Amino acid sequence: MKTRLITAGVGIGIAIVVLLLSQFVSPLFTTIILSLLTALMVSEVLTAKKLLKEYRISLLSIAFGLAMPMVSFTRFNFLPFFIYLIAMLCMMVFFHHEVRLGDIAYAFFTTVLITTGMGATTYLTTLFDIYTAFYAVLIMGVPWIADAGAYFAGVKYGKHKLCPEISPKKTIEGAAGGVLAGILSAVIIGLIFNFIFGYDYINYWALIIIGLVNTPLSMLGDLSFSIIKRTLGIKDYGSIMPGHGGMLDRFDSVIVTAPFVYVVTLFTVIII
């Protein structure tokens with residue numbers, strides 16, 4: 001726990017610096033960081049299946065992971081996906097004797113999954129540049145706080161297992177605590193940013209919906225990536241974050257929840 005807290009403290013400090021630079025200098029700071037993180041997570045998920053040295057797969061996938069967040073907020077947002085798709089199909093057809101179909105399918109699915117979530121994050125934090133810090137904290141803070149709430153609620157009240165074969169420590173009581181923590185964190189984030197920046201309007205009902213829905217979605221993301229780890233026989237996707245594992249171990253929930261925040265912005269105004 002001590003190692004986890006120290007790592008979290010360092011990470012929060014770095015995040016604050018990036019957010020300040022993005023909010024008051026240029027949102028491109030966030031875009032660059034998120035692109036690099038996406039490429040790193042793609043390399044982690046490929047390493048988990050020992051595909052990093054299968055360069056025809058890894059170079060294409062990492063390049064796509066690096067490019068997609070950078071163009072997600074432009075009119076070229078579909079171009080990297082199309083190029084990646086065609087390249088992987090060509091590999092499947094012309095190198096089918098050398099590269100296994102299962103490896104191509106695994107790389108394509110996991111890479112697209114990661115880049116979709118991170119692309120949504122970049123879209124919201126860059127397109128609405130005056131709200132860069134707000135969307136970054138909302139997208140990442142809610143699932144992370146919900147995860148912490150689920151952990152502590154599970155430790156104190158947990159009796160009934162949620163998915164014992166996938167994640168033995170998760171409980172139904174913990175999940176309920178996570179939902180409550182997710183809702184409260186979304187509303188508190190809105191209150192804090194409204195206090196600091198004095199926004200004209202914040203849709204707290206939208207924030208409540210985000211907190212309510214994001215929590216089960218974050219659990220779905222966590223469990224899904226846990227299945228991959230369990231299937232491949234690994235504990236973590238990496239060791240870059242002591243006490244937390246790899247970057248993908250920390251962002252597995254954000255990858256699934258960020259697109260939902262994007263969907264909410266399509267149908268309602270969250271902040272003005």
# chains A, B, ... in the order shown; residues from 1 in each chain; ligands from 1
call {"tool": "closest_atom_pairs", "arguments": {"of": "range 68-181 of chain A", "to": "range 47-50 of chain A", "cutoff": "10 Å", "atoms": "only C-alpha atoms", "output": "CSV"}}
result
residue,atom,partner,partner_atom,distance
A:Asp103,CA,A:Lys49,CA,8.3
A:Tyr106,CA,A:Lys49,CA,8.7
A:Ala107,CA,A:Lys49,CA,9.1
call {"tool": "write_last_selection", "arguments": {"atoms": "C-alpha atoms", "output": "PDB file, in the first residue's frame"}}
result
ATOM      1  CA  ASP A 103      -1.850 -13.131 -33.216  1.00  0.00           C
ATOM      2  CA  TYR A 106      -5.365 -10.337 -30.772  1.00  0.00           C
ATOM      3  CA  ALA A 107      -3.200  -7.383 -31.776  1.00  0.00           C
TER       4      ALA A 107
END
call {"tool": "select_by_dssp", "arguments": {"residues": "range 208-251 of chain A", "states": "helix (DSSP H, G or I)", "output": "PyMOL selection string"}}
result
chain A and resi 208-232+247-251
call {"tool": "select_by_dssp", "arguments": {"residues": "range 70-230 of chain A", "states": "strand (DSSP E)", "output": "ChimeraX atom specification"}}
result
/A:161-163,167-171
call {"tool": "write_last_selection", "arguments": {"atoms": "N, CA and C atoms", "output": "compact mmCIF listing (two decimals), in the first residue's frame"}}
result
# COMPACT_ATOMS: atom_id res chain seq x y z
N LYS A 161 -19.08 -12.55 -3.48
CA LYS A 161 -18.15 -12.41 -4.59
C LYS A 161 -18.88 -11.96 -5.86
N LEU A 162 -18.24 -11.08 -6.60
CA LEU A 162 -18.83 -10.57 -7.85
C LEU A 162 -18.48 -11.47 -9.02
N CYS A 163 -17.20 -11.68 -9.27
CA CYS A 163 -16.72 -12.56 -10.35
C CYS A 163 -15.53 -13.35 -9.82
N SER A 167 -11.80 -12.25 -10.88
CA SER A 167 -11.17 -11.38 -9.88
C SER A 167 -11.72 -11.75 -8.51
N PRO A 168 -11.04 -12.64 -7.80
CA PRO A 168 -11.57 -13.18 -6.53
C PRO A 168 -11.83 -12.14 -5.46
N LYS A 169 -11.15 -10.99 -5.52
CA LYS A 169 -11.29 -10.00 -4.46
C LYS A 169 -12.47 -9.05 -4.66
N LYS A 170 -13.05 -9.02 -5.85
CA LYS A 170 -14.16 -8.11 -6.10
C LYS A 170 -15.45 -8.67 -5.51
N THR A 171 -16.21 -7.79 -4.84
CA THR A 171 -17.46 -8.20 -4.22
C THR A 171 -18.60 -7.31 -4.68
call {"tool": "residues_around", "arguments": {"residues": "Val254 in chain A", "least_positions_apart": "3", "cutoff": "7 Å", "atoms": "only C-alpha atoms", "output": "PyMOL selection string"}}
result
chain A and resi 117+139-140+143+218+251+257-258
call {"tool": "write_last_selection", "arguments": {"atoms": "all heavy atoms", "output": "tab-separated table (two decimals), in the first residue's frame"}}
result
chain	number	residue	atom	x	y	z
A	117	GLY	N	-10.60	4.23	-26.62
A	117	GLY	CA	-10.76	4.93	-25.35
A	117	GLY	C	-9.86	6.14	-25.23
A	117	GLY	O	-10.30	7.23	-24.81
A	139	ILE	N	-12.74	12.41	-16.83
A	139	ILE	CA	-12.60	11.12	-17.50
A	139	ILE	C	-11.76	10.14	-16.69
A	139	ILE	O	-12.08	8.96	-16.58
A	139	ILE	CB	-11.98	11.32	-18.90
A	139	ILE	CG1	-12.98	12.02	-19.82
A	139	ILE	CG2	-11.54	9.99	-19.51
A	139	ILE	CD1	-12.39	12.47	-21.14
A	140	MET	N	-10.68	10.63	-16.11
A	140	MET	CA	-9.78	9.74	-15.38
A	140	MET	C	-10.12	9.64	-13.89
A	140	MET	O	-9.98	8.58	-13.28
A	140	MET	CB	-8.33	10.22	-15.55
A	140	MET	CG	-7.87	10.23	-16.99
A	140	MET	SD	-6.17	10.84	-17.16
A	140	MET	CE	-6.13	11.17	-18.93
A	143	PRO	N	-13.51	7.04	-12.75
A	143	PRO	CA	-13.27	5.59	-12.63
A	143	PRO	C	-12.21	5.24	-11.60
A	143	PRO	O	-12.32	4.21	-10.93
A	143	PRO	CB	-12.86	5.18	-14.04
A	143	PRO	CG	-12.41	6.42	-14.71
A	143	PRO	CD	-13.22	7.52	-14.12
A	218	SER	N	-16.36	0.86	-15.82
A	218	SER	CA	-14.96	0.74	-15.40
A	218	SER	C	-14.68	-0.66	-14.89
A	218	SER	O	-13.60	-1.22	-15.12
A	218	SER	CB	-14.64	1.78	-14.33
A	218	SER	OG	-15.31	1.50	-13.11
A	251	PHE	N	-5.03	2.16	-16.65
A	251	PHE	CA	-5.95	2.81	-17.58
A	251	PHE	C	-7.00	1.87	-18.15
A	251	PHE	O	-7.79	2.28	-19.00
A	251	PHE	CB	-5.18	3.45	-18.73
A	251	PHE	CG	-4.64	4.82	-18.43
A	251	PHE	CD1	-3.44	4.97	-17.74
A	251	PHE	CD2	-5.32	5.96	-18.80
A	251	PHE	CE1	-2.93	6.22	-17.45
A	251	PHE	CE2	-4.83	7.23	-18.52
A	251	PHE	CZ	-3.63	7.36	-17.84
A	257	THR	N	-14.54	3.72	-20.14
A	257	THR	CA	-15.44	4.79	-19.67
A	257	THR	C	-15.35	6.07	-20.49
A	257	THR	O	-16.34	6.80	-20.63
A	257	THR	CB	-15.16	5.13	-18.19
A	257	THR	OG1	-13.79	5.54	-18.05
A	257	THR	CG2	-15.42	3.93	-17.30
A	258	ALA	N	-14.17	6.37	-21.05
A	258	ALA	CA	-14.00	7.62	-21.79
A	258	ALA	C	-14.98	7.75	-22.97
A	258	ALA	O	-15.56	8.83	-23.17
A	258	ALA	CB	-12.56	7.76	-22.27
call {"tool": "residues_around", "arguments": {"residues": "range 53-69 of chain A", "least_positions_apart": "5", "cutoff": "9 Å", "atoms": "only C-alpha atoms", "output": "JSON list (two decimals) with all heavy atoms, in the first residue's frame"}}
result
[["chain", "number", "residue", "atom", "x", "y", "z"],
["A", 31, "THR", "N", -2.44, 16.19, -25.49],
["A", 31, "THR", "CA", -2.50, 15.34, -26.68],
["A", 31, "THR", "C", -1.23, 14.51, -26.83],
["A", 31, "THR", "O", -1.29, 13.30, -27.07],
["A", 31, "THR", "CB", -2.71, 16.20, -27.94],
["A", 31, "THR", "OG1", -3.91, 16.95, -27.80],
["A", 31, "THR", "CG2", -2.81, 15.32, -29.18],
["A", 32, "ILE", "N", -0.09, 15.15, -26.68],
["A", 32, "ILE", "CA", 1.19, 14.45, -26.83],
["A", 32, "ILE", "C", 1.35, 13.38, -25.76],
["A", 32, "ILE", "O", 1.73, 12.24, -26.05],
["A", 32, "ILE", "CB", 2.36, 15.46, -26.78],
["A", 32, "ILE", "CG1", 2.32, 16.37, -28.01],
["A", 32, "ILE", "CG2", 3.71, 14.72, -26.71],
["A", 32, "ILE", "CD1", 3.29, 17.54, -27.93],
["A", 34, "LEU", "N", -1.01, 11.84, -24.00],
["A", 34, "LEU", "CA", -1.97, 10.76, -24.21],
["A", 34, "LEU", "C", -1.57, 9.87, -25.38],
["A", 34, "LEU", "O", -1.77, 8.64, -25.34],
["A", 34, "LEU", "CB", -3.37, 11.33, -24.44],
["A", 34, "LEU", "CG", -4.03, 11.97, -23.22],
["A", 34, "LEU", "CD1", -5.37, 12.60, -23.61],
["A", 34, "LEU", "CD2", -4.25, 10.94, -22.12],
["A", 35, "SER", "N", -0.99, 10.45, -26.44],
["A", 35, "SER", "CA", -0.51, 9.65, -27.57],
["A", 35, "SER", "C", 0.62, 8.73, -27.15],
["A", 35, "SER", "O", 0.66, 7.55, -27.51],
["A", 35, "SER", "CB", -0.06, 10.57, -28.70],
["A", 35, "SER", "OG", -1.13, 11.31, -29.23],
["A", 36, "LEU", "N", 1.55, 9.26, -26.37],
["A", 36, "LEU", "CA", 2.67, 8.45, -25.88],
["A", 36, "LEU", "C", 2.18, 7.35, -24.95],
["A", 36, "LEU", "O", 2.66, 6.20, -25.02],
["A", 36, "LEU", "CB", 3.69, 9.33, -25.16],
["A", 36, "LEU", "CG", 4.45, 10.34, -26.04],
["A", 36, "LEU", "CD1", 5.31, 11.25, -25.18],
["A", 36, "LEU", "CD2", 5.31, 9.62, -27.08],
["A", 37, "LEU", "N", 1.21, 7.67, -24.09],
["A", 37, "LEU", "CA", 0.66, 6.67, -23.18],
["A", 37, "LEU", "C", -0.06, 5.57, -23.97],
["A", 37, "LEU", "O", 0.03, 4.38, -23.62],
["A", 37, "LEU", "CB", -0.31, 7.32, -22.20],
["A", 37, "LEU", "CG", 0.29, 8.21, -21.12],
["A", 37, "LEU", "CD1", -0.81, 8.81, -20.25],
["A", 37, "LEU", "CD2", 1.27, 7.43, -20.25],
["A", 38, "THR", "N", -0.77, 5.96, -25.02],
["A", 38, "THR", "CA", -1.47, 4.97, -25.84],
["A", 38, "THR", "C", -0.49, 4.02, -26.50],
["A", 38, "THR", "O", -0.69, 2.80, -26.49],
["A", 38, "THR", "CB", -2.31, 5.67, -26.92],
["A", 38, "THR", "OG1", -3.22, 6.59, -26.29],
["A", 38, "THR", "CG2", -3.11, 4.67, -27.74],
["A", 39, "ALA", "N", 0.58, 4.56, -27.08],
["A", 39, "ALA", "CA", 1.60, 3.72, -27.70],
["A", 39, "ALA", "C", 2.24, 2.79, -26.68],
["A", 39, "ALA", "O", 2.50, 1.61, -26.97],
["A", 39, "ALA", "CB", 2.66, 4.60, -28.36],
["A", 40, "LEU", "N", 2.47, 3.30, -25.47],
["A", 40, "LEU", "CA", 3.05, 2.48, -24.41],
["A", 40, "LEU", "C", 2.12, 1.34, -24.02],
["A", 40, "LEU", "O", 2.55, 0.19, -23.85],
["A", 40, "LEU", "CB", 3.35, 3.35, -23.19],
["A", 40, "LEU", "CG", 3.86, 2.62, -21.94],
["A", 40, "LEU", "CD1", 5.15, 1.87, -22.24],
["A", 40, "LEU", "CD2", 4.06, 3.60, -20.79],
["A", 41, "MET", "N", 0.83, 1.63, -23.89],
["A", 41, "MET", "CA", -0.13, 0.59, -23.52],
["A", 41, "MET", "C", -0.27, -0.47, -24.61],
["A", 41, "MET", "O", -0.44, -1.66, -24.33],
["A", 41, "MET", "CB", -1.49, 1.23, -23.20],
["A", 41, "MET", "CG", -1.52, 1.91, -21.85],
["A", 41, "MET", "SD", -3.16, 2.49, -21.37],
["A", 41, "MET", "CE", -3.21, 4.05, -22.25],
["A", 42, "VAL", "N", -0.21, -0.04, -25.86],
["A", 42, "VAL", "CA", -0.24, -1.01, -26.96],
["A", 42, "VAL", "C", 0.98, -1.93, -26.88],
["A", 42, "VAL", "O", 0.87, -3.15, -27.06],
["A", 42, "VAL", "CB", -0.29, -0.30, -28.32],
["A", 42, "VAL", "CG1", -0.09, -1.29, -29.47],
["A", 42, "VAL", "CG2", -1.63, 0.42, -28.49],
["A", 43, "SER", "N", 2.14, -1.36, -26.60],
["A", 43, "SER", "CA", 3.34, -2.19, -26.48],
["A", 43, "SER", "C", 3.22, -3.15, -25.30],
["A", 43, "SER", "O", 3.69, -4.29, -25.36],
["A", 43, "SER", "CB", 4.59, -1.31, -26.33],
["A", 43, "SER", "OG", 4.61, -0.65, -25.07],
["A", 46, "LEU", "N", 0.91, -6.06, -26.27],
["A", 46, "LEU", "CA", 1.60, -6.94, -27.21],
["A", 46, "LEU", "C", 2.68, -7.76, -26.51],
["A", 46, "LEU", "O", 2.86, -8.94, -26.80],
["A", 46, "LEU", "CB", 2.22, -6.13, -28.35],
["A", 46, "LEU", "CG", 1.24, -5.41, -29.28],
["A", 46, "LEU", "CD1", 2.00, -4.59, -30.32],
["A", 46, "LEU", "CD2", 0.31, -6.40, -29.98],
["A", 47, "THR", "N", 3.38, -7.13, -25.58],
["A", 47, "THR", "CA", 4.40, -7.84, -24.81],
["A", 47, "THR", "C", 3.78, -8.98, -24.01],
["A", 47, "THR", "O", 4.39, -10.04, -23.84],
["A", 47, "THR", "CB", 5.12, -6.87, -23.86],
["A", 47, "THR", "OG1", 5.74, -5.83, -24.63],
["A", 47, "THR", "CG2", 6.20, -7.58, -23.05],
["A", 77, "ASN", "N", -9.63, 11.87, -38.55],
["A", 77, "ASN", "CA", -9.66, 10.91, -37.45],
["A", 77, "ASN", "C", -9.89, 9.46, -37.90],
["A", 77, "ASN", "O", -9.56, 8.53, -37.16],
["A", 77, "ASN", "CB", -10.73, 11.30, -36.41],
["A", 77, "ASN", "CG", -12.10, 11.47, -37.03],
["A", 77, "ASN", "OD1", -12.31, 11.16, -38.20],
["A", 77, "ASN", "ND2", -13.03, 11.97, -36.25],
["A", 78, "PHE", "N", -10.44, 9.26, -39.08],
["A", 78, "PHE", "CA", -10.69, 7.89, -39.55],
["A", 78, "PHE", "C", -9.51, 7.33, -40.34],
["A", 78, "PHE", "O", -9.40, 6.12, -40.53],
["A", 78, "PHE", "CB", -11.95, 7.87, -40.43],
["A", 78, "PHE", "CG", -12.47, 6.49, -40.72],
["A", 78, "PHE", "CD1", -13.10, 5.75, -39.72],
["A", 78, "PHE", "CD2", -12.32, 5.92, -41.97],
["A", 78, "PHE", "CE1", -13.58, 4.47, -39.98],
["A", 78, "PHE", "CE2", -12.80, 4.65, -42.24],
["A", 78, "PHE", "CZ", -13.43, 3.92, -41.24],
["A", 79, "LEU", "N", -8.61, 8.21, -40.79],
["A", 79, "LEU", "CA", -7.52, 7.80, -41.68],
["A", 79, "LEU", "C", -6.57, 6.79, -41.04],
["A", 79, "LEU", "O", -6.26, 5.76, -41.67],
["A", 79, "LEU", "CB", -6.75, 9.03, -42.16],
["A", 79, "LEU", "CG", -5.62, 8.78, -43.17],
["A", 79, "LEU", "CD1", -6.17, 8.10, -44.43],
["A", 79, "LEU", "CD2", -4.94, 10.09, -43.53],
["A", 80, "PRO", "N", -6.05, 7.01, -39.83],
["A", 80, "PRO", "CA", -5.14, 6.02, -39.24],
["A", 80, "PRO", "C", -5.78, 4.64, -39.09],
["A", 80, "PRO", "O", -5.13, 3.62, -39.31],
["A", 80, "PRO", "CB", -4.79, 6.61, -37.87],
["A", 80, "PRO", "CG", -5.03, 8.06, -38.02],
["A", 80, "PRO", "CD", -6.20, 8.18, -38.94],
["A", 81, "PHE", "N", -7.07, 4.62, -38.71],
["A", 81, "PHE", "CA", -7.75, 3.33, -38.57],
["A", 81, "PHE", "C", -7.83, 2.60, -39.91],
["A", 81, "PHE", "O", -7.60, 1.39, -39.99],
["A", 81, "PHE", "CB", -9.15, 3.52, -38.00],
["A", 81, "PHE", "CG", -9.95, 2.24, -37.95],
["A", 81, "PHE", "CD1", -9.71, 1.29, -36.97],
["A", 81, "PHE", "CD2", -10.92, 1.99, -38.91],
["A", 81, "PHE", "CE1", -10.43, 0.11, -36.94],
["A", 81, "PHE", "CE2", -11.65, 0.81, -38.88],
["A", 81, "PHE", "CZ", -11.40, -0.14, -37.90],
["A", 83, "ILE", "N", -5.85, 2.91, -42.53],
["A", 83, "ILE", "CA", -4.52, 2.44, -42.91],
["A", 83, "ILE", "C", -4.13, 1.21, -42.10],
["A", 83, "ILE", "O", -3.62, 0.22, -42.63],
["A", 83, "ILE", "CB", -3.48, 3.56, -42.71],
["A", 83, "ILE", "CG1", -3.76, 4.72, -43.67],
["A", 83, "ILE", "CG2", -2.06, 3.03, -42.91],
["A", 83, "ILE", "CD1", -2.89, 5.94, -43.45],
["A", 84, "TYR", "N", -4.40, 1.25, -40.81],
["A", 84, "TYR", "CA", -4.07, 0.11, -39.93],
["A", 84, "TYR", "C", -4.88, -1.12, -40.33],
["A", 84, "TYR", "O", -4.35, -2.24, -40.39],
["A", 84, "TYR", "CB", -4.37, 0.50, -38.48],
["A", 84, "TYR", "CG", -4.05, -0.56, -37.47],
["A", 84, "TYR", "CD1", -2.77, -1.11, -37.35],
["A", 84, "TYR", "CD2", -5.03, -1.02, -36.58],
["A", 84, "TYR", "CE1", -2.48, -2.08, -36.40],
["A", 84, "TYR", "CE2", -4.75, -1.98, -35.61],
["A", 84, "TYR", "CZ", -3.48, -2.51, -35.54],
["A", 84, "TYR", "OH", -3.19, -3.46, -34.59],
["A", 87, "ALA", "N", -3.51, -2.54, -43.61],
["A", 87, "ALA", "CA", -2.20, -3.14, -43.39],
["A", 87, "ALA", "C", -2.33, -4.50, -42.71],
["A", 87, "ALA", "O", -1.64, -5.47, -43.09],
["A", 87, "ALA", "CB", -1.34, -2.20, -42.55],
["A", 88, "MET", "N", -3.20, -4.61, -41.71],
["A", 88, "MET", "CA", -3.38, -5.89, -41.00],
["A", 88, "MET", "C", -4.05, -6.93, -41.90],
["A", 88, "MET", "O", -3.72, -8.12, -41.85],
["A", 88, "MET", "CB", -4.20, -5.67, -39.74],
["A", 88, "MET", "CG", -3.51, -4.81, -38.70],
["A", 88, "MET", "SD", -1.98, -5.54, -38.05],
["A", 88, "MET", "CE", -2.63, -6.50, -36.69],
["A", 91, "MET", "N", -1.41, -8.20, -44.21],
["A", 91, "MET", "CA", -0.54, -9.13, -43.48],
["A", 91, "MET", "C", -1.22, -10.50, -43.37],
["A", 91, "MET", "O", -0.58, -11.54, -43.53],
["A", 91, "MET", "CB", -0.24, -8.58, -42.09],
["A", 91, "MET", "CG", 0.82, -9.39, -41.34],
["A", 91, "MET", "SD", 1.11, -8.76, -39.69],
["A", 91, "MET", "CE", 1.39, -7.03, -40.01],
["A", 99, "VAL", "N", 2.73, -15.49, -40.16],
["A", 99, "VAL", "CA", 2.12, -14.84, -39.00],
["A", 99, "VAL", "C", 0.79, -15.52, -38.70],
["A", 99, "VAL", "O", -0.05, -15.67, -39.59],
["A", 99, "VAL", "CB", 1.88, -13.33, -39.27],
["A", 99, "VAL", "CG1", 1.32, -12.66, -38.03],
["A", 99, "VAL", "CG2", 3.18, -12.66, -39.70],
["A", 103, "ASP", "N", -2.69, -14.25, -33.65],
["A", 103, "ASP", "CA", -1.85, -13.13, -33.22],
["A", 103, "ASP", "C", -2.31, -11.83, -33.85],
["A", 103, "ASP", "O", -2.33, -10.78, -33.20],
["A", 103, "ASP", "CB", -0.39, -13.40, -33.57],
["A", 103, "ASP", "CG", 0.21, -14.52, -32.74],
["A", 103, "ASP", "OD1", -0.36, -14.84, -31.68],
["A", 103, "ASP", "OD2", 1.24, -15.08, -33.16],
["A", 104, "ILE", "N", -2.68, -11.89, -35.13],
["A", 104, "ILE", "CA", -3.18, -10.69, -35.81],
["A", 104, "ILE", "C", -4.49, -10.24, -35.18],
["A", 104, "ILE", "O", -4.69, -9.04, -34.92],
["A", 104, "ILE", "CB", -3.38, -10.97, -37.32],
["A", 104, "ILE", "CG1", -2.04, -11.26, -37.99],
["A", 104, "ILE", "CG2", -4.07, -9.79, -38.00],
["A", 104, "ILE", "CD1", -2.15, -11.66, -39.44],
["A", 107, "ALA", "N", -3.82, -8.70, -31.67],
["A", 107, "ALA", "CA", -3.20, -7.38, -31.78],
["A", 107, "ALA", "C", -4.20, -6.34, -32.26],
["A", 107, "ALA", "O", -4.27, -5.23, -31.73],
["A", 107, "ALA", "CB", -2.00, -7.44, -32.72],
["A", 108, "PHE", "N", -4.98, -6.70, -33.26],
["A", 108, "PHE", "CA", -5.95, -5.75, -33.83],
["A", 108, "PHE", "C", -7.02, -5.39, -32.81],
["A", 108, "PHE", "O", -7.31, -4.21, -32.58],
["A", 108, "PHE", "CB", -6.60, -6.34, -35.08],
["A", 108, "PHE", "CG", -7.53, -5.39, -35.78],
["A", 108, "PHE", "CD1", -7.02, -4.41, -36.63],
["A", 108, "PHE", "CD2", -8.90, -5.45, -35.59],
["A", 108, "PHE", "CE1", -7.87, -3.51, -37.28],
["A", 108, "PHE", "CE2", -9.75, -4.57, -36.23],
["A", 108, "PHE", "CZ", -9.23, -3.60, -37.08],
["A", 111, "THR", "N", -5.49, -3.40, -29.73],
["A", 111, "THR", "CA", -5.00, -2.08, -30.14],
["A", 111, "THR", "C", -6.16, -1.13, -30.43],
["A", 111, "THR", "O", -6.15, 0.03, -29.99],
["A", 111, "THR", "CB", -4.10, -2.20, -31.38],
["A", 111, "THR", "OG1", -2.98, -3.02, -31.08],
["A", 111, "THR", "CG2", -3.61, -0.84, -31.83],
["A", 112, "VAL", "N", -7.17, -1.60, -31.16],
["A", 112, "VAL", "CA", -8.33, -0.76, -31.45],
["A", 112, "VAL", "C", -9.08, -0.42, -30.17],
["A", 112, "VAL", "O", -9.55, 0.71, -29.99],
["A", 112, "VAL", "CB", -9.26, -1.47, -32.46],
["A", 112, "VAL", "CG1", -10.59, -0.72, -32.59],
["A", 112, "VAL", "CG2", -8.58, -1.57, -33.82],
["A", 114, "ILE", "N", -7.85, -0.11, -27.10],
["A", 114, "ILE", "CA", -7.07, 0.89, -26.36],
["A", 114, "ILE", "C", -7.16, 2.26, -27.03],
["A", 114, "ILE", "O", -7.41, 3.28, -26.37],
["A", 114, "ILE", "CB", -5.61, 0.45, -26.23],
["A", 114, "ILE", "CG1", -5.51, -0.78, -25.32],
["A", 114, "ILE", "CG2", -4.73, 1.59, -25.69],
["A", 114, "ILE", "CD1", -4.15, -1.45, -25.35],
["A", 115, "THR", "N", -6.96, 2.30, -28.33],
["A", 115, "THR", "CA", -6.95, 3.58, -29.03],
["A", 115, "THR", "C", -8.33, 4.24, -29.08],
["A", 115, "THR", "O", -8.42, 5.47, -29.12],
["A", 115, "THR", "CB", -6.42, 3.42, -30.47],
["A", 115, "THR", "OG1", -7.19, 2.40, -31.14],
["A", 115, "THR", "CG2", -4.96, 3.02, -30.48],
["A", 116, "THR", "N", -9.39, 3.46, -29.05],
["A", 116, "THR", "CA", -10.74, 4.03, -29.03],
["A", 116, "THR", "C", -10.95, 4.84, -27.75],
["A", 116, "THR", "O", -11.42, 5.99, -27.78],
["A", 116, "THR", "CB", -11.81, 2.94, -29.14],
["A", 116, "THR", "OG1", -11.67, 2.26, -30.38],
["A", 116, "THR", "CG2", -13.21, 3.54, -29.04],
["A", 118, "MET", "N", -8.61, 5.98, -25.59],
["A", 118, "MET", "CA", -7.67, 7.09, -25.47],
["A", 118, "MET", "C", -7.96, 8.17, -26.51],
["A", 118, "MET", "O", -7.73, 9.36, -26.27],
["A", 118, "MET", "CB", -6.24, 6.57, -25.61],
["A", 118, "MET", "CG", -5.85, 5.55, -24.54],
["A", 118, "MET", "SD", -6.11, 6.16, -22.85],
["A", 118, "MET", "CE", -4.78, 7.38, -22.76],
["A", 119, "GLY", "N", -8.47, 7.75, -27.66],
["A", 119, "GLY", "CA", -8.86, 8.73, -28.68],
["A", 119, "GLY", "C", -10.02, 9.59, -28.21],
["A", 119, "GLY", "O", -10.04, 10.81, -28.45],
["A", 120, "ALA", "N", -10.98, 8.98, -27.53],
["A", 120, "ALA", "CA", -12.11, 9.74, -26.97],
["A", 120, "ALA", "C", -11.62, 10.73, -25.93],
["A", 120, "ALA", "O", -12.10, 11.87, -25.86],
["A", 120, "ALA", "CB", -13.14, 8.79, -26.36],
["A", 121, "THR", "N", -10.66, 10.31, -25.12],
["A", 121, "THR", "CA", -10.09, 11.20, -24.12],
["A", 121, "THR", "C", -9.42, 12.40, -24.76],
["A", 121, "THR", "O", -9.61, 13.56, -24.36],
["A", 121, "THR", "CB", -9.06, 10.44, -23.25],
["A", 121, "THR", "OG1", -9.70, 9.31, -22.66],
["A", 121, "THR", "CG2", -8.49, 11.34, -22.17],
["A", 122, "THR", "N", -8.61, 12.14, -25.79],
["A", 122, "THR", "CA", -7.92, 13.22, -26.48],
["A", 122, "THR", "C", -8.89, 14.16, -27.17],
["A", 122, "THR", "O", -8.72, 15.38, -27.16],
["A", 122, "THR", "CB", -6.94, 12.65, -27.52],
["A", 122, "THR", "OG1", -6.12, 11.67, -26.90],
["A", 122, "THR", "CG2", -6.06, 13.73, -28.11],
["A", 123, "TYR", "N", -9.94, 13.58, -27.76],
["A", 123, "TYR", "CA", -10.95, 14.39, -28.45],
["A", 123, "TYR", "C", -11.57, 15.41, -27.49],
["A", 123, "TYR", "O", -11.65, 16.61, -27.80],
["A", 123, "TYR", "CB", -12.04, 13.47, -29.01],
["A", 123, "TYR", "CG", -13.19, 14.21, -29.67],
["A", 123, "TYR", "CD1", -13.12, 14.52, -31.03],
["A", 123, "TYR", "CD2", -14.32, 14.58, -28.96],
["A", 123, "TYR", "CE1", -14.16, 15.20, -31.65],
["A", 123, "TYR", "CE2", -15.36, 15.25, -29.57],
["A", 123, "TYR", "CZ", -15.28, 15.56, -30.91],
["A", 123, "TYR", "OH", -16.31, 16.24, -31.51]]
call {"tool": "atom_distance", "arguments": {"atom1": "CA of Phe128 in chain A", "atom2": "CA of Val187 in chain A"}}
result
19.7 Å
call {"tool": "residues_around", "arguments": {"residues": "Gly158 in chain A", "least_positions_apart": "4", "cutoff": "6 Å", "atoms": "only C-alpha atoms", "output": "list in words"}}
result
Gly154, Thr171, Glu173 and Gly174 of chain A
call {"tool": "residues_around", "arguments": {"residues": "Gly211 in chain A", "least_positions_apart": "4", "cutoff": "12 Å", "atoms": "only C-alpha atoms", "output": "compact mmCIF listing (two decimals) with C-alpha atoms, in the first residue's frame"}}
result
# COMPACT_ATOMS: atom_id res chain seq x y z
CA LEU A 138 -13.56 13.91 -15.10
CA ILE A 139 -12.60 11.12 -17.50
CA MET A 140 -9.78 9.74 -15.38
CA GLY A 141 -10.82 10.78 -11.88
CA VAL A 142 -14.29 9.19 -11.77
CA PRO A 143 -13.27 5.59 -12.63
CA TRP A 144 -10.14 5.78 -10.46
CA ILE A 145 -12.01 7.13 -7.44
CA ALA A 146 -14.81 4.62 -8.05
CA ASP A 147 -12.18 1.87 -8.08
CA GLY A 178 -17.81 2.01 -6.18
CA VAL A 179 -21.05 3.26 -7.74
CA LEU A 180 -21.61 5.63 -4.81
CA ALA A 181 -18.00 6.85 -4.97
CA GLY A 182 -18.32 7.35 -8.75
CA ILE A 183 -21.45 9.50 -8.44
CA LEU A 184 -20.04 11.58 -5.59
CA SER A 185 -16.69 12.07 -7.34
CA ALA A 186 -18.35 13.30 -10.56
CA VAL A 187 -20.45 15.85 -8.68
CA ILE A 188 -17.52 16.97 -6.50
CA ILE A 189 -15.31 17.42 -9.57
CA GLY A 190 -18.01 19.67 -11.03
CA TYR A 204 -24.89 18.14 -12.56
CA TRP A 205 -27.52 15.67 -13.77
CA ALA A 206 -25.17 14.73 -16.62
CA LEU A 207 -22.36 14.33 -14.10
CA THR A 215 -18.60 2.75 -12.48
CA PRO A 216 -20.02 -0.50 -13.94
CA LEU A 217 -18.27 0.31 -17.23
CA SER A 218 -14.96 0.74 -15.40
CA THR A 257 -15.44 4.79 -19.67
CA ALA A 258 -14.00 7.62 -21.79
CA PHE A 260 -19.27 7.03 -22.66
CA VAL A 261 -18.32 10.54 -21.53
CA VAL A 264 -22.92 12.07 -23.16
